[in-house]
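A.B. asks: Supplied structure: query39.cif, mmCIF, C-alpha atoms.
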```cif
data_data
#
loop_
_atom_site.label_atom_id
_atom_site.label_comp_id
_atom_site.auth_asym_id
_atom_site.auth_seq_id
_atom_site.Cartn_x
_atom_site.Cartn_y
_atom_site.Cartn_z
CA MET F 1 3.09 4.82 14.04
CA ARG F 2 -0.29 5.94 12.72
CA ARG F 3 -2.62 4.36 10.17
CA ILE F 4 -4.23 7.21 8.25
CA ASP F 5 -7.54 5.86 6.97
CA GLU F 6 -8.83 7.06 3.61
CA VAL F 7 -11.80 4.89 2.65
CA THR F 8 -13.31 1.44 3.11
CA LEU F 9 -13.45 -0.23 -0.28
CA PRO F 10 -16.84 -1.56 -1.47
CA PRO F 11 -17.70 -5.29 -1.20
CA GLN F 12 -17.31 -5.85 -4.95
CA THR F 13 -13.60 -5.01 -4.66
CA GLY F 14 -12.70 -8.50 -3.42
CA PRO F 15 -14.20 -10.53 -6.31
CA TRP F 16 -12.65 -8.12 -8.82
CA LEU F 17 -9.21 -7.93 -7.22
CA LEU F 18 -8.83 -11.56 -6.11
CA PRO F 19 -11.16 -13.55 -8.36
CA GLU F 20 -9.91 -16.93 -7.13
CA ALA F 21 -10.70 -16.02 -3.52
CA THR F 22 -14.27 -17.29 -3.81
CA THR F 23 -16.68 -16.98 -0.92
CA GLU F 24 -16.46 -20.76 -0.53
CA LEU F 25 -12.67 -20.65 -0.21
CA VAL F 26 -12.80 -17.72 2.20
CA SER F 27 -15.43 -19.45 4.32
CA ARG F 28 -13.10 -22.45 4.67
CA THR F 29 -10.59 -20.17 6.41
CA PRO F 30 -12.49 -19.34 9.61
CA TRP F 31 -9.83 -17.08 11.16
CA LEU F 32 -10.55 -14.46 8.46
CA SER F 33 -13.95 -13.69 10.04
CA PRO F 34 -15.10 -11.26 11.29
CA GLU F 35 -12.22 -8.79 10.89
CA PHE F 36 -11.06 -9.64 7.37
CA ALA F 37 -14.23 -11.14 5.84
CA ASP F 38 -17.92 -11.16 6.67
CA GLU F 39 -20.02 -14.23 7.48
CA GLN F 40 -20.80 -14.74 3.77
CA GLY F 41 -17.10 -14.87 2.86
CA VAL F 42 -16.97 -11.37 1.33
CA LEU F 43 -13.53 -9.81 1.77
CA ARG F 44 -13.01 -6.55 3.63
CA LEU F 45 -10.40 -4.16 2.16
CA THR F 46 -9.42 -0.58 2.85
CA SER F 47 -7.23 2.23 1.53
CA HIS F 48 -4.88 3.86 4.03
CA SER F 49 -1.40 5.24 4.58
CA PHE F 50 1.12 4.70 7.35
CA ALA F 51 2.64 7.74 9.05
CA ILE F 52 5.90 7.24 10.92
CA GLU F 53 8.19 9.54 12.87
CA VAL F 54 11.85 8.50 13.20
CA ASP F 55 14.44 10.76 14.85
CA GLY F 56 12.27 13.78 14.13
CA MET F 57 11.77 12.79 10.48
CA ARG F 58 8.17 12.40 9.33
CA VAL F 59 7.59 9.69 6.76
CA LEU F 60 4.38 8.75 4.94
CA VAL F 61 4.15 5.38 3.19
CA ASP F 62 1.78 5.44 0.19
CA THR F 63 -0.82 8.14 -0.35
CA GLY F 64 -4.05 6.35 -1.25
CA ILE F 65 -6.53 7.26 -3.97
CA GLY F 66 -6.83 11.02 -3.54
CA ASN F 67 -9.67 13.51 -3.81
CA GLY F 68 -11.28 14.69 -7.02
CA LYS F 69 -9.30 12.38 -9.29
CA PRO F 70 -10.98 11.09 -12.49
CA ARG F 71 -10.65 7.31 -12.31
CA ALA F 72 -11.94 4.37 -14.35
CA ASN F 73 -12.73 2.41 -11.18
CA PRO F 74 -16.08 3.79 -9.91
CA ALA F 75 -15.05 3.17 -6.29
CA TRP F 76 -12.07 5.51 -6.74
CA HIS F 77 -13.64 8.12 -9.02
CA ASN F 78 -13.85 11.70 -7.78
CA LEU F 79 -13.54 10.89 -4.07
CA ASN F 80 -14.16 13.54 -1.44
CA THR F 81 -12.76 12.28 1.87
CA ASP F 82 -11.33 14.02 4.93
CA TYR F 83 -7.97 12.25 4.56
CA GLU F 84 -6.02 15.50 4.85
CA ALA F 85 -7.84 16.41 8.05
CA ARG F 86 -6.96 12.99 9.43
CA LEU F 87 -3.30 13.59 8.62
CA ARG F 88 -3.45 16.84 10.55
CA ALA F 89 -5.25 15.17 13.45
CA ALA F 90 -2.42 12.63 13.59
CA GLY F 91 0.12 15.43 13.89
CA PHE F 92 1.30 15.12 10.29
CA PRO F 93 0.17 18.29 8.50
CA PRO F 94 1.21 17.99 4.84
CA GLU F 95 3.82 20.73 5.05
CA SER F 96 5.58 18.85 7.89
CA VAL F 97 6.13 15.59 5.97
CA ASP F 98 9.79 15.01 5.07
CA VAL F 99 9.60 11.80 3.01
CA VAL F 100 6.83 10.10 1.02
CA VAL F 101 7.56 6.47 0.12
CA LEU F 102 5.62 5.13 -2.87
CA THR F 103 5.74 1.34 -2.73
CA HIS F 104 4.68 1.29 -6.39
CA LEU F 105 3.00 3.54 -8.94
CA HIS F 106 -0.63 2.40 -8.95
CA ALA F 107 -3.56 4.80 -8.66
CA ASP F 108 -4.55 3.74 -5.14
CA HIS F 109 -1.04 4.37 -3.81
CA VAL F 110 -0.18 7.77 -5.30
CA GLY F 111 -3.43 9.75 -5.26
CA TRP F 112 -2.68 12.15 -2.41
CA ASN F 113 0.70 12.95 -3.93
CA THR F 114 -1.14 15.95 -5.31
CA ARG F 115 -4.15 18.15 -4.61
CA ALA F 116 -6.14 20.47 -6.83
CA GLN F 117 -5.15 24.12 -6.96
CA GLY F 118 -7.36 25.89 -9.45
CA ASP F 119 -7.00 23.96 -12.71
CA ALA F 120 -3.65 22.46 -11.71
CA TRP F 121 -2.47 19.53 -9.61
CA VAL F 122 0.22 20.55 -7.12
CA PRO F 123 2.24 18.48 -4.61
CA THR F 124 0.31 17.91 -1.39
CA PHE F 125 3.60 17.57 0.53
CA PRO F 126 5.64 20.50 -0.78
CA ASN F 127 8.60 20.00 1.57
CA ALA F 128 8.92 16.23 1.10
CA ARG F 129 11.09 14.07 -1.09
CA TYR F 130 8.91 11.49 -2.87
CA LEU F 131 10.74 8.17 -3.23
CA THR F 132 10.07 5.23 -5.53
CA SER F 133 12.32 2.58 -7.00
CA ARG F 134 14.16 3.31 -10.22
CA THR F 135 13.02 -0.07 -11.55
CA GLU F 136 9.39 0.94 -11.04
CA TRP F 137 9.81 4.27 -12.80
CA THR F 138 11.75 2.74 -15.69
CA TYR F 139 9.10 0.08 -16.26
CA TRP F 140 6.21 2.53 -16.54
CA ALA F 141 8.27 4.96 -18.62
CA GLY F 142 8.67 2.23 -21.24
CA VAL F 143 5.12 0.89 -21.30
CA ASP F 144 2.37 1.94 -23.71
CA MET F 145 -0.15 2.80 -21.00
CA GLU F 146 -3.90 2.89 -21.42
CA GLU F 147 -5.56 6.30 -21.06
CA ALA F 148 -6.75 5.75 -17.48
CA ARG F 149 -3.20 5.07 -16.32
CA ARG F 150 -1.82 8.00 -18.31
CA GLN F 151 -4.38 10.20 -16.55
CA MET F 152 -3.15 8.94 -13.17
CA PHE F 153 0.44 9.79 -14.07
CA ARG F 154 -0.64 13.22 -15.32
CA ASP F 155 -2.47 14.18 -12.15
CA SER F 156 -0.56 12.33 -9.42
CA VAL F 157 2.99 11.51 -10.54
CA HIS F 158 4.23 13.95 -13.17
CA PRO F 159 3.43 17.08 -11.11
CA VAL F 160 5.70 15.78 -8.35
CA ARG F 161 8.50 15.06 -10.81
CA GLU F 162 8.06 18.43 -12.51
CA ALA F 163 8.34 20.11 -9.09
CA GLY F 164 11.72 18.41 -8.63
CA LEU F 165 10.51 16.36 -5.65
CA LEU F 166 10.74 12.80 -7.05
CA ASP F 167 13.79 10.69 -6.17
CA LEU F 168 14.44 7.35 -7.88
CA ILE F 169 16.07 4.82 -5.57
CA ASP F 170 18.27 1.93 -6.67
CA VAL F 171 17.02 -0.82 -4.35
CA ALA F 172 19.60 -3.53 -3.70
CA ASP F 173 18.63 -7.20 -3.37
CA GLU F 174 19.37 -7.02 0.37
CA GLY F 175 17.49 -3.74 0.71
CA THR F 176 18.46 -0.08 0.75
CA ASP F 177 18.30 2.24 3.76
CA ILE F 178 16.59 5.58 3.13
CA ALA F 179 16.67 6.84 6.73
CA PRO F 180 17.72 5.51 10.14
CA GLY F 181 15.50 2.51 10.80
CA ILE F 182 13.76 2.57 7.39
CA ARG F 183 14.77 0.22 4.61
CA LEU F 184 13.23 -0.46 1.20
CA LEU F 185 13.16 -4.14 0.21
CA PRO F 186 12.47 -5.39 -3.34
CA ALA F 187 9.03 -7.04 -3.60
CA PRO F 188 8.52 -7.55 -7.36
CA GLY F 189 5.67 -9.25 -9.16
CA HIS F 190 2.65 -7.08 -8.54
CA THR F 191 4.71 -4.47 -10.36
CA PRO F 192 8.34 -4.90 -11.44
CA GLY F 193 9.77 -2.36 -9.02
CA GLN F 194 7.44 -2.65 -6.04
CA VAL F 195 9.06 -2.37 -2.62
CA ALA F 196 8.14 -3.39 0.89
CA VAL F 197 9.18 -1.09 3.74
CA GLU F 198 11.06 -2.47 6.75
CA LEU F 199 10.97 -0.44 9.98
CA SER F 200 13.37 -0.97 12.87
CA SER F 201 13.37 0.78 16.23
CA ARG F 202 14.46 -0.14 19.76
CA GLY F 203 15.00 -3.78 18.88
CA GLU F 204 11.61 -4.17 17.20
CA THR F 205 10.86 -4.57 13.50
CA ALA F 206 7.84 -4.21 11.25
CA LEU F 207 7.24 -4.69 7.54
CA ILE F 208 4.76 -2.76 5.40
CA THR F 209 3.73 -5.12 2.60
CA GLY F 210 2.75 -2.86 -0.26
CA ASP F 211 0.61 -4.96 -2.60
CA SER F 212 2.73 -8.08 -2.29
CA ILE F 213 -0.16 -9.11 -0.02
CA HIS F 214 -3.48 -7.41 -0.72
CA HIS F 215 -5.51 -9.34 1.83
CA PRO F 216 -4.88 -11.91 4.61
CA VAL F 217 -6.59 -14.62 2.50
CA GLN F 218 -3.34 -14.60 0.49
CA MET F 219 -1.52 -15.62 3.64
CA ALA F 220 -3.67 -18.71 4.01
CA HIS F 221 -3.38 -19.30 0.24
CA PRO F 222 -0.16 -17.66 -1.00
CA GLU F 223 -0.77 -18.91 -4.53
CA LEU F 224 -3.74 -16.51 -4.93
CA CYS F 225 -2.83 -13.63 -7.21
CA SER F 226 -4.61 -10.39 -7.97
CA CYS F 227 -6.08 -9.49 -11.34
CA VAL F 228 -3.65 -6.58 -11.61
CA ASP F 229 -0.42 -8.46 -10.89
CA ILE F 230 1.91 -7.81 -13.82
CA ALA F 231 3.91 -11.00 -13.20
CA PRO F 232 1.65 -13.34 -11.19
CA GLU F 233 4.14 -16.21 -10.77
CA LEU F 234 6.80 -13.81 -9.51
CA ALA F 235 4.24 -12.14 -7.22
CA ALA F 236 3.42 -15.53 -5.66
CA ARG F 237 7.13 -16.33 -5.16
CA THR F 238 7.71 -12.93 -3.55
CA ARG F 239 4.71 -13.44 -1.24
CA ASN F 240 5.89 -16.91 -0.20
CA GLN F 241 9.42 -15.68 0.47
CA LEU F 242 8.18 -12.74 2.50
CA LEU F 243 5.81 -14.83 4.60
CA SER F 244 8.40 -17.57 5.14
CA SER F 245 10.91 -15.00 6.35
CA LEU F 246 8.43 -13.54 8.86
CA ALA F 247 6.78 -16.74 10.14
CA GLY F 248 7.44 -17.35 13.80
CA THR F 249 9.38 -14.11 14.26
CA SER F 250 8.54 -11.05 16.30
CA THR F 251 8.39 -8.85 13.18
CA LEU F 252 5.04 -7.13 12.79
CA LEU F 253 3.37 -7.35 9.39
CA LEU F 254 1.43 -4.25 8.31
CA GLY F 255 -1.00 -4.75 5.45
CA THR F 256 -1.39 -1.87 3.04
CA HIS F 257 -5.03 -2.82 2.32
CA PHE F 258 -5.81 -4.85 5.45
CA PRO F 259 -8.85 -3.61 7.40
CA PRO F 260 -8.46 -3.14 11.15
CA PRO F 261 -6.62 -4.53 13.05
CA THR F 262 -4.24 -4.23 10.05
CA ALA F 263 -1.12 -5.40 11.94
CA GLY F 264 -0.09 -8.79 13.25
CA HIS F 265 2.45 -11.57 13.45
CA VAL F 266 2.82 -14.35 10.89
CA GLN F 267 2.28 -17.95 11.96
CA ARG F 268 2.49 -21.11 9.84
CA GLU F 269 -0.81 -23.00 9.62
CA ASP F 270 -2.21 -25.79 7.40
CA GLY F 271 0.43 -25.49 4.72
CA GLY F 272 0.04 -21.73 4.55
CA TYR F 273 0.17 -18.88 7.02
CA ARG F 274 -2.07 -17.05 9.44
CA LEU F 275 -2.09 -13.49 10.77
CA ILE F 276 -2.21 -13.22 14.55
CA PRO F 277 -3.57 -9.69 15.04
CA ALA F 278 -1.75 -7.19 17.21
CA PRO F 279 -4.36 -4.40 17.29
CA SER F 280 -2.64 -2.23 19.87
CA ARG F 281 0.52 -1.71 17.80
CA VAL F 282 -0.85 0.75 15.25
CA THR F 283 -2.91 3.81 16.16
CA PRO F 284 -5.77 4.39 13.68
CA VAL F 285 -6.72 7.87 12.56
CA GLY F 286 -10.12 7.78 10.88
CA SER F 287 -12.96 5.32 10.60
#
```
Can I see the file as structure tokens?

C.D. replies:
Amino acid sequence: MRRIDEVTLPPQTGPWLLPEATTELVSRTPWLSPEFADEQGVLRLTSHSFAIEVDGMRVLVDTGIGNGKPRANPAWHNLNTDYEARLRAAGFPPESVDVVVLTHLHADHVGWNTRAQGDAWVPTFPNARYLTSRTEWTYWAGVDMEEARRQMFRDSVHPVREAGLLDLIDVADEGTDIAPGIRLLPAPGHTPGQVAVELSSRGETALITGDSIHHPVQMAHPELCSCVDIAPELAARTRNQLLSSLAGTSTLLLGTHFPPPTAGHVQREDGGYRLIPAPSRVTPVGS
């Protein structure tokens, strides 16, 4: 498995995204420093994808923010990163990707779905099937979206659908297999149709969180919700259920926005949970 780094998010991301995760609260959770927070209690967050090869099938989970996309968030606006070069360096040139899993349809998870070609946005992964849950698609199709979100759908989602590459998956309560060793699990709350991605191989398992957990501080304090959770109470229940199911097991948790070491095992601690890093289990590609 490879972590394909896109960009380190600026320090102001934490207070915006998780406003209740104050520097005082973070500082009272010493295991977060130095990997997940600095000495002043400022959270560290990143944007990255996970690239997986299973039985010769190449799968990419989430596609980050993307290059050259007009975005309301200044930290995401008109990026120019070498993400595509990092994919190639990892042995995943875009044309070789078979499946792209979109855990949910937010701007920082769908951006590299497309790339600019002249005045048009075209699929970055022309030979892949792009998968998202039917519940997720149906929700956004029925919402009166603000202009910034409509722009994101225009440049990063609709071109994939118009190219006939988007598949809507009915995700069962117990999960739905999309390939040998890869299962989508419902993880609602942040968005109605968000999924987590369970990986199984050779007796080992891992779980990619999507945005059911933005940052490890939400493991220590599962009640903390993000400012962009559509259903905060449901998001907190989903997070608690996920963490409870993983605590004390050998399953590796992979955080979609966790900075390095990104992966670890879940342990119960002080009425919440703690991430015990396993830095050797995911190979980073990027900085």

A.B. asks: Carefully work through the PyMOL selection byres ((chain F and resi 104-114) around 6) for this structure and note down the residues it includes, as a PyMOL selection string.

C.D. replies: chain F and resi 62-66+102-103+115+121-124+156+194

A.B. asks: Using the selection just defined, write its residues with C-alpha atoms as a tab-separated table (two decimals), keeping the file's coordinate frame.

C.D. replies:
```tsv
chain	number	residue	atom	x	y	z
F	62	ASP	CA	1.78	5.44	0.19
F	63	THR	CA	-0.82	8.14	-0.35
F	64	GLY	CA	-4.05	6.35	-1.25
F	65	ILE	CA	-6.53	7.26	-3.97
F	66	GLY	CA	-6.83	11.02	-3.54
F	102	LEU	CA	5.62	5.13	-2.87
F	103	THR	CA	5.74	1.34	-2.73
F	115	ARG	CA	-4.15	18.15	-4.61
F	121	TRP	CA	-2.47	19.53	-9.61
F	122	VAL	CA	0.22	20.55	-7.12
F	123	PRO	CA	2.24	18.48	-4.61
F	124	THR	CA	0.31	17.91	-1.39
F	156	SER	CA	-0.56	12.33	-9.42
F	194	GLN	CA	7.44	-2.65	-6.04
```

A.B. asks: Kindly resolve the PyMOL selection byres ((chain F and resi 27) around 12) on the present coordinates and return the residues as a tab-separated table (two decimals) with C-alpha atoms, in the frame of the given file.

C.D. replies:
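Final output, saved to out_32.tsv:
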```tsv
chain	number	residue	atom	x	y	z
F	21	ALA	CA	-10.70	-16.02	-3.52
F	22	THR	CA	-14.27	-17.29	-3.81
F	23	THR	CA	-16.68	-16.98	-0.92
F	24	GLU	CA	-16.46	-20.76	-0.53
F	25	LEU	CA	-12.67	-20.65	-0.21
F	26	VAL	CA	-12.80	-17.72	2.20
F	28	ARG	CA	-13.10	-22.45	4.67
F	29	THR	CA	-10.59	-20.17	6.41
F	30	PRO	CA	-12.49	-19.34	9.61
F	31	TRP	CA	-9.83	-17.08	11.16
F	32	LEU	CA	-10.55	-14.46	8.46
F	33	SER	CA	-13.95	-13.69	10.04
F	34	PRO	CA	-15.10	-11.26	11.29
F	36	PHE	CA	-11.06	-9.64	7.37
F	37	ALA	CA	-14.23	-11.14	5.84
F	38	ASP	CA	-17.92	-11.16	6.67
F	39	GLU	CA	-20.02	-14.23	7.48
F	40	GLN	CA	-20.80	-14.74	3.77
F	41	GLY	CA	-17.10	-14.87	2.86
F	42	VAL	CA	-16.97	-11.37	1.33
F	43	LEU	CA	-13.53	-9.81	1.77
F	217	VAL	CA	-6.59	-14.62	2.50
F	220	ALA	CA	-3.67	-18.71	4.01
```

A.B. asks: Applying 8 Å and only C-alpha atoms, which residues near F:Val285 remain after dropping the ones on its own chain fewer than 6 positions away? List them as a ChimeraX atom specification.

C.D. replies: /F:2-5,86-87,89-90

A.B. asks: Which neighbours of F:Asn240 fall inside 9 Å, counting all atoms listed in the file, when residues of the same chain fewer than 2 positions from it are skipped, and could you give them as a ChimeraX atom specification?

C.D. replies: /F:219,222-223,235-238,242-245,272

A.B. asks: At what distance in Å, to one decimal, does atom CA of F:Val54 lie from atom CA of F:Glu84?

C.D. replies: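 We find that atom CA of F:Glu84 and atom CA of F:Val54 lie 20.9 Å from each other.
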
A.B. asks: From the options F:Gly193, F:Gly210, F:Gly203, F:Pro15, which residue's atoms come nearest to F:Gly255, counting all atoms listed in the file?

C.D. replies: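 Ranked by minimum distance to F:Gly255, first place goes to F:Gly210.
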
A.B. asks: Which one of F:Asn127, F:Thr205, F:Ser226, F:Gln117 sits closest to F:Pro93 if you count all atoms listed in the file?

C.D. replies: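 Answer, going by the shortest atom-to-atom distance: F:Asn127.
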
A.B. asks: Could you jot down the atom CA of F:Gln12 to atom CA of F:Cys227 separation for me, Å, one decimal place?

C.D. replies: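 Separating atom CA of F:Gln12 from atom CA of F:Cys227 is a distance of 13.4 Å.
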
A.B. asks: Would you kindly translate the PyMOL selection byres ((chain F and resi 231) around 9) into the concrete residues it picks from this file, as a list in words?

C.D. replies: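 Output from the PyMOL selection byres ((chain F and resi 231) around 9), applied to this file: Pro188, Gly189, His190, Thr191, Pro192, Val228, Asp229, Ile230, Pro232, Glu233, Leu234, Ala235 and Ala236 of chain F.
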
A.B. asks: What would stretch 66-77 of chain F look like if you wrote it out as a PDB file, in the first residue's frame, with N, CA and C atoms included, from the block I just posted?

C.D. replies:
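Printed below is part36.pdb as written:
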```pdb
ATOM      1  N   GLY F  66      -6.801  18.409  -6.006  1.00  0.00           N
ATOM      2  CA  GLY F  66      -6.624  18.619  -7.441  1.00  0.00           C
ATOM      3  C   GLY F  66      -5.881  19.893  -7.777  1.00  0.00           C
ATOM      4  N   ASN F  67      -5.368  19.952  -8.987  1.00  0.00           N
ATOM      5  CA  ASN F  67      -4.632  21.118  -9.475  1.00  0.00           C
ATOM      6  C   ASN F  67      -5.535  22.047 -10.271  1.00  0.00           C
ATOM      7  N   GLY F  68      -5.306  23.341 -10.079  1.00  0.00           N
ATOM      8  CA  GLY F  68      -5.953  24.348 -10.910  1.00  0.00           C
ATOM      9  C   GLY F  68      -7.450  24.469 -10.717  1.00  0.00           C
ATOM     10  N   LYS F  69      -7.951  24.028  -9.568  1.00  0.00           N
ATOM     11  CA  LYS F  69      -9.395  24.070  -9.336  1.00  0.00           C
ATOM     12  C   LYS F  69      -9.762  25.362  -8.590  1.00  0.00           C
ATOM     13  N   PRO F  70     -10.756  26.113  -9.098  1.00  0.00           N
ATOM     14  CA  PRO F  70     -11.220  27.295  -8.356  1.00  0.00           C
ATOM     15  C   PRO F  70     -11.994  26.870  -7.122  1.00  0.00           C
ATOM     16  N   ARG F  71     -11.517  27.273  -5.946  1.00  0.00           N
ATOM     17  CA  ARG F  71     -12.123  26.836  -4.695  1.00  0.00           C
ATOM     18  C   ARG F  71     -12.307  28.013  -3.740  1.00  0.00           C
ATOM     19  N   ALA F  72     -13.368  27.964  -2.946  1.00  0.00           N
ATOM     20  CA  ALA F  72     -13.635  29.020  -1.973  1.00  0.00           C
ATOM     21  C   ALA F  72     -12.619  29.003  -0.842  1.00  0.00           C
ATOM     22  N   ASN F  73     -12.143  27.829  -0.474  1.00  0.00           N
ATOM     23  CA  ASN F  73     -11.141  27.709   0.580  1.00  0.00           C
ATOM     24  C   ASN F  73      -9.784  28.128   0.011  1.00  0.00           C
ATOM     25  N   PRO F  74      -9.167  29.184   0.535  1.00  0.00           N
ATOM     26  CA  PRO F  74      -7.893  29.664  -0.033  1.00  0.00           C
ATOM     27  C   PRO F  74      -6.800  28.606  -0.041  1.00  0.00           C
ATOM     28  N   ALA F  75      -6.824  27.694   0.938  1.00  0.00           N
ATOM     29  CA  ALA F  75      -5.792  26.662   1.015  1.00  0.00           C
ATOM     30  C   ALA F  75      -5.928  25.629  -0.099  1.00  0.00           C
ATOM     31  N   TRP F  76      -7.098  25.574  -0.737  1.00  0.00           N
ATOM     32  CA  TRP F  76      -7.345  24.595  -1.797  1.00  0.00           C
ATOM     33  C   TRP F  76      -7.368  25.237  -3.182  1.00  0.00           C
ATOM     34  N   HIS F  77      -7.388  26.561  -3.217  1.00  0.00           N
ATOM     35  CA  HIS F  77      -7.632  27.281  -4.478  1.00  0.00           C
ATOM     36  C   HIS F  77      -6.440  27.197  -5.422  1.00  0.00           C
TER      37      HIS F  77
END
```
